[in-house]
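Heads up, the thing below is written out as structure tokens.
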Amino acid sequence: MVFSNTFIFGLLTGISLLLSFILDREKTVLGLKKGGKMLFNILHPFLNILILISIVLFFIPDSLIVHYLGANSGWYGFGIAAFVGSITLIPGFISYPLAATLLNEGATYAVVAVFMTTMMMVGIVTLPLEIKYFGRKAAIARNVLNLIAAIIIGIFMGWLM
Amino acid sequence: MKKHLKNYMWVILFVIFSVGSYFVGFKPGLVIYSNFNEFFIEMISFIPFLFIIIGLFDVWLPKEMLEKHIGRESGAKGIFLVILLAMLQAGPLYGAFPVAYILDKKGASVRNIFIYLGAFSSMKLPMLGIEIGYLGIKYTILRTLISLPLFIFVGFLMEKIVGSDFKVEEVKA
């Protein structure tokens with residue numbers, strides 16, 4: 001898993017870099033700087049979340065995750081995933097290690113998909129801010145519609161994976 | 001310097017905790033460290049590559065170029081461009097609200113604004129890269145293909161619900 005990731009991303013990066021470098025040397029350097037800066041910006045929240053997962057994983061036994069989010073959890077698991085996903089505010093892309101861990105420990109794809117999708121598309125904590133931008137009606141409608149969409153995504157993912 | 005120190009406070013504490021656990025033979029500390037080590041190796045094996053690609057995207061596809069073509073009469077092409085624009089962004093969803101205001105000001109249609117939010121929350125390229133890395137290419141492709149029609153539909157539905165003369169408010173920080 002680790003090796004194939006490195007290989008795929010390394011190959012893709014190598015080809016893109018080479019192409020970009022041939023086309024425009026200056027732009028390529030600028031791009032590298034921008035990418036490096038963005039990487040640096042997410043590095044500490046990313047490391048923090050890895051530390052947090054490492055600690056939490058020590059305290060929560062696999063059996064607990066399987067029981068509440070595994071194959072036999074049914075709608076109950078969906079409910080937990082949707083609820084936790086909707087209220088938590090972990091930026092989408094640093095929550096992936098957590099999703100991978102849940103799968104590893106026995107959660108189903110359907111539950112993980114609901115969890116991740118609600119986390120990305122539904123924001124209870126940010127609702128007051130969203131209301132300021134879009135008004136009450138639009139903000140609530142958007143969150144409700146996305147919650148429904150997330151559950152549909154979960155059902156399909158569970159069926160297809 | 002002080003800011004960096006504050007940002008990395010937890011990392012520094014964790015390193016001290018791990019080294020300490022090693023020397024006194026504190027078992028739970030060692031287990032937690034080995035958990036972390038596994039995650040860290042997994043991350044470092046592809047994240048740096050990903051950010052090189054993101055940086056290159058940023059310089060080769062300036063976002064301003066796309067923003068010009070997503071107005072009220074833009075149709076399918078507008079939807080396509082607004083999704084492409086969202087894919088090039090990064091950050092949490094609440095970071096997209098100010099962008100929604102700017103899109104509205106530039107004359108984007110209501111449905112395109114909400115399609116933008118949908119694409120922003122589920123199809124950002126940096127995020128897709130990390131998703132592939134952690135959950136696999138099959139998961140990412142399937143999830144994207146299922147999400148895409150759903151959030152376009154949500155965009156149309158939102159336009160029906162709030163009306164096409166809907167305005168995004170400017171919120172000053």
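Identifiers for the structure tokens are assigned positionally: chains receive A, B, ... in sequence, residues are indexed from 1 per chain, and ligands are indexed from 1 in the order shown.
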Legend entry - Test item: residues at most 12 Å from Phe17 of chain B, only C-alpha atoms, excluding those fewer than 2 positions along its chain, as an MDAnalysis selection string: (chainID A and resid 51 55) or (chainID B and resid 10:15 19:33)
Legend entry - Shell around Ala150 of chain A at 9 Å using only C-alpha atoms, local window under 3 positions removed, as a PyMOL selection string: (chain A and resi 82+113-118+121-122+145-147+153-155) or (chain B and resi 147)
Inset, instruction - Compare A:Leu19, A:Ile49, A:Phe78, A:Ile124 by their minimum atom-to-atom distance to Tyr96 of chain A, counting only C-alpha atoms, and give me the closest one. - result: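 Among the listed residues, A:Ile49 lies closest to Tyr96 of chain A.
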Legend entry - Counting only C-alpha atoms, the option among B:Phe51, B:Tyr101, B:Phe114, B:Phe40 closest to Ile152 of chain B: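 Using only C-alpha atoms, the shortest distance to Ile152 of chain B belongs to B:Phe114.
Nearest to Asp165 of chain B of all the residues B:Gln89, B:Ser18, B:Thr144, B:Ser109 is B:Ser109, counting only C-alpha atoms.
Pairwise distance (atom CA of Lys160 of chain B, atom CA of Leu88 of chain B) equals 27.4 Å.
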Inset, instruction - Give the answer as one residue: which of B:Ala96, B:Val171, B:Ile16, B:Ile137 has the shortest atom-to-atom distance to chain A, using only C-alpha atoms? - result: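 Of B:Ala96, B:Val171, B:Ile16, B:Ile137, the one nearest chain A is B:Val171, counting only C-alpha atoms.
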Inset, instruction - Could you pull out the residues in segment 15-102 of chain B that DSSP calls helix (DSSP H, G or I) from the backbone, as a PyMOL selection string? - result: chain B and resi 15-24+27-44+47-60+63-67+75-87+93-102
